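The next block holds one structure in the form of structure tokens; read it before the comments.
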Amino acid sequence: MEFREYLGVLRKYWVSIVVLTLLGVIGAGVYVVVTPPVYSSTSMVFLSVSIGNTAADYVQGTNYATAQARSFAQIVTTQQVLDPVVKDLQLNTTSTSLASRVSANVVTNTSLITITAKDGDPARSADITQHVAQSLVQQIEKLSPTGSDYQAVVVGTIVQPAATPSSPTSPQPVQSAVLGLVAGLAVGVILSIIRKAMDVRLHVAKDVTEATGCPVIGSIPKDPLVARGGVVMLTAPTSPISERYRQIRTNLLFMNIDADKPWNFVVTSSIESEGKSSTAINIAYALSESGNKVLLIDGDLRRPKIASYLKLEGAAGLTTVLTNRASFSDVVQSLGEASPDVLTSGVVPPNPAELLGSRRMKQLLEQVSRQYQAVVIDTAPLLPVADTLPLLPQVSGAVVVAAAERVTIPELKTALDTVDRTGVPVMGIVLNKVSRRSHQTGYHNYTYAYASKEAPSAEPKERRQPKRAQAPV
């Protein structure tokens, strides 16, 4: 992932990151409240050598004391040192248990031993530390070798008596809060990155191209009007959404280099509810707007929607023609100039795949391809049903609609593989229902400086009423 992608992840999951950070701080606060305070007191013992008359003797003695300091520091937590402390202070514990609260360290390159004792009572921590230091001095005298005068060679002296601490060493509210904040923030960021890595859904155009290698010919932001099947090319022609469909139209026209050949293509999707029908309608209107004579066919014989979206007669249509109950000219509906002609689905049949793969369907496509410059066919999704497969070999290509944050990468790959097996080229992918947040944090953030500031949101007053087709008796 690039740095911009990491920033996009942080912006996308910022709520969970903030929540986990706050939980870290709250957890640190709970820890401070429920944890009993612990006080630490420190004493220091200095080791010296009691023999020697010359400077060389003192140097050797100092080196010897420094070497012995490491050994004497190790016996601080032994029974020989701690048993007298437990007895003198009448502690309700054992020397073994007390050893876990006592520590000793040697100051580097010196003969100084620092002794630290911890306890929940500040005065008692100072008493324990002082008595441990005194007991250590006694043990040093016993364990040290003696000189010619029978005096101990190494002598311990308490140079820093233990003092009663004024504040606990743990818990520390500020330090705990900082650690909780850092820990919560780190967990939030790491989980966000893991969520991104494990997320197999599509969000922006780059996700599609990286996962499939297919070109994205358009990216449609999520919009309530489009979600309801609205024809934004007709109701809001100067809106940013309409510009998106014009971009798709331009990309499709570049693919139709040989305009003399019939040009028909299906608009399909991997799964249901990806917005393929509204996409097909708006593409058809965008192609008509550029001066092409366009036919829009509702080839989704399971859940046809074009008739309801365009408020047209749906009882007579494609199935009526395929079953020889009417001719194409009888049921095609004209919406006027700069608008596509529409062939609705007709009555939903029990055998959609057989009808779409029939010889009559092939003849119909050959007929309308001679009459229209472009034929746009809305078909059923590829994965739930096999209705679209018999139709694919009869068309020039396929436009696959992928709904952002709904379809997964494996589902889209399977759908594309299904199209590839029929030998029909995928003309491109339309990424639909892209969230505004993904649009802003994605990799292509377009603005529309030339769009009208007051794009119409209702249908034009002079819209021609379509000719209603009558169902054959």
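If you're wondering about the labels, chains in the structure tokens are A, B, ... by order shown, residues count from 1 in each chain, ligands from 1 in order shown.
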
query = stretch 85-261 of chain A: which residues are helix (DSSP H, G or I) by DSSP, as an MDAnalysis selection string?
reply = chainID A and resid 85:89 95:99 122:143 173:198 205:212 224:227 232:235 240:255

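With only C-alpha atoms taken into account, the protein and nucleic acid residues at most 7 Å from A:Ser50 (excluding it and anything under 6 positions from it in its own chain) are A:Val153, A:Val154, A:Val155.
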
Please write the residues from the selection above to a file, keeping N, CA, C and O atoms, as a compact mmCIF listing (two decimals), in the first residue's frame.
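again_19.txt, written as the output of this step:
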```txt
# COMPACT_ATOMS: atom_id res chain seq x y z
N VAL A 153 38.04 -6.97 55.77
CA VAL A 153 38.72 -6.20 54.74
C VAL A 153 37.76 -5.23 54.05
O VAL A 153 38.09 -4.07 53.79
N VAL A 154 36.53 -5.70 53.74
CA VAL A 154 35.52 -4.86 53.07
C VAL A 154 34.50 -4.41 54.11
O VAL A 154 33.97 -5.22 54.88
N VAL A 155 34.24 -3.13 54.08
CA VAL A 155 33.31 -2.54 55.05
C VAL A 155 32.20 -1.83 54.28
O VAL A 155 32.46 -1.12 53.30
```

task = Show which residues sit within 12 Å of stretch 138-143 of chain A, as JSON, numbers by chain. Count only C-alpha atoms, and ignore same-chain residues fewer than 3 positions away.
result = {"A": [45, 46, 47, 48, 49, 50, 65, 68, 69, 71, 72, 73, 74, 75, 76, 78, 79, 80, 81, 82, 83, 84, 85, 113, 131, 132, 133, 134, 135, 146, 147, 150, 151, 152, 153, 154, 155, 156, 157, 158]}

Put those residues in a file: C-alpha atoms, as a PDB file, in the first residue's frame.
```pdb
ATOM      1  CA  VAL A  45      25.465   1.404  50.685  1.00  0.00           C
ATOM      2  CA  PHE A  46      29.113   2.222  49.959  1.00  0.00           C
ATOM      3  CA  LEU A  47      31.790  -0.487  50.073  1.00  0.00           C
ATOM      4  CA  SER A  48      35.328   0.407  51.101  1.00  0.00           C
ATOM      5  CA  VAL A  49      38.537  -1.436  52.030  1.00  0.00           C
ATOM      6  CA  SER A  50      39.907  -1.042  55.570  1.00  0.00           C
ATOM      7  CA  ALA A  65      35.601  -3.277  46.606  1.00  0.00           C
ATOM      8  CA  GLN A  68      32.941  -7.336  45.524  1.00  0.00           C
ATOM      9  CA  ALA A  69      29.954  -4.980  45.137  1.00  0.00           C
ATOM     10  CA  SER A  71      28.610 -10.202  44.755  1.00  0.00           C
ATOM     11  CA  PHE A  72      27.198  -8.460  47.814  1.00  0.00           C
ATOM     12  CA  ALA A  73      24.323  -7.016  45.734  1.00  0.00           C
ATOM     13  CA  GLN A  74      23.232 -10.582  44.973  1.00  0.00           C
ATOM     14  CA  ILE A  75      22.773 -11.485  48.646  1.00  0.00           C
ATOM     15  CA  VAL A  76      20.378  -8.603  49.363  1.00  0.00           C
ATOM     16  CA  THR A  78      18.613 -13.844  50.457  1.00  0.00           C
ATOM     17  CA  GLN A  79      17.319 -15.133  53.800  1.00  0.00           C
ATOM     18  CA  GLN A  80      20.534 -14.115  55.593  1.00  0.00           C
ATOM     19  CA  VAL A  81      19.713 -10.462  54.872  1.00  0.00           C
ATOM     20  CA  LEU A  82      15.909 -10.485  54.933  1.00  0.00           C
ATOM     21  CA  ASP A  83      15.166 -12.754  57.899  1.00  0.00           C
ATOM     22  CA  PRO A  84      16.449 -10.162  60.410  1.00  0.00           C
ATOM     23  CA  VAL A  85      14.351  -7.496  58.671  1.00  0.00           C
ATOM     24  CA  ILE A 113      24.861  -0.601  45.992  1.00  0.00           C
ATOM     25  CA  HIS A 131      16.593  -2.262  57.739  1.00  0.00           C
ATOM     26  CA  VAL A 132      17.655  -4.146  54.584  1.00  0.00           C
ATOM     27  CA  ALA A 133      20.589  -1.772  54.183  1.00  0.00           C
ATOM     28  CA  GLN A 134      21.580  -2.269  57.836  1.00  0.00           C
ATOM     29  CA  SER A 135      21.273  -6.036  57.544  1.00  0.00           C
ATOM     30  CA  THR A 146      39.732 -10.399  57.638  1.00  0.00           C
ATOM     31  CA  GLY A 147      43.100  -8.758  57.686  1.00  0.00           C
ATOM     32  CA  TYR A 150      41.190  -9.680  62.373  1.00  0.00           C
ATOM     33  CA  GLN A 151      39.112  -6.860  60.985  1.00  0.00           C
ATOM     34  CA  ALA A 152      36.951  -7.214  57.895  1.00  0.00           C
ATOM     35  CA  VAL A 153      38.723  -6.196  54.739  1.00  0.00           C
ATOM     36  CA  VAL A 154      35.517  -4.860  53.075  1.00  0.00           C
ATOM     37  CA  VAL A 155      33.314  -2.536  55.046  1.00  0.00           C
ATOM     38  CA  GLY A 156      29.837  -1.356  54.150  1.00  0.00           C
ATOM     39  CA  THR A 157      28.560   2.091  55.039  1.00  0.00           C
ATOM     40  CA  ILE A 158      25.062   3.493  54.548  1.00  0.00           C
TER      41      ILE A 158
END
```
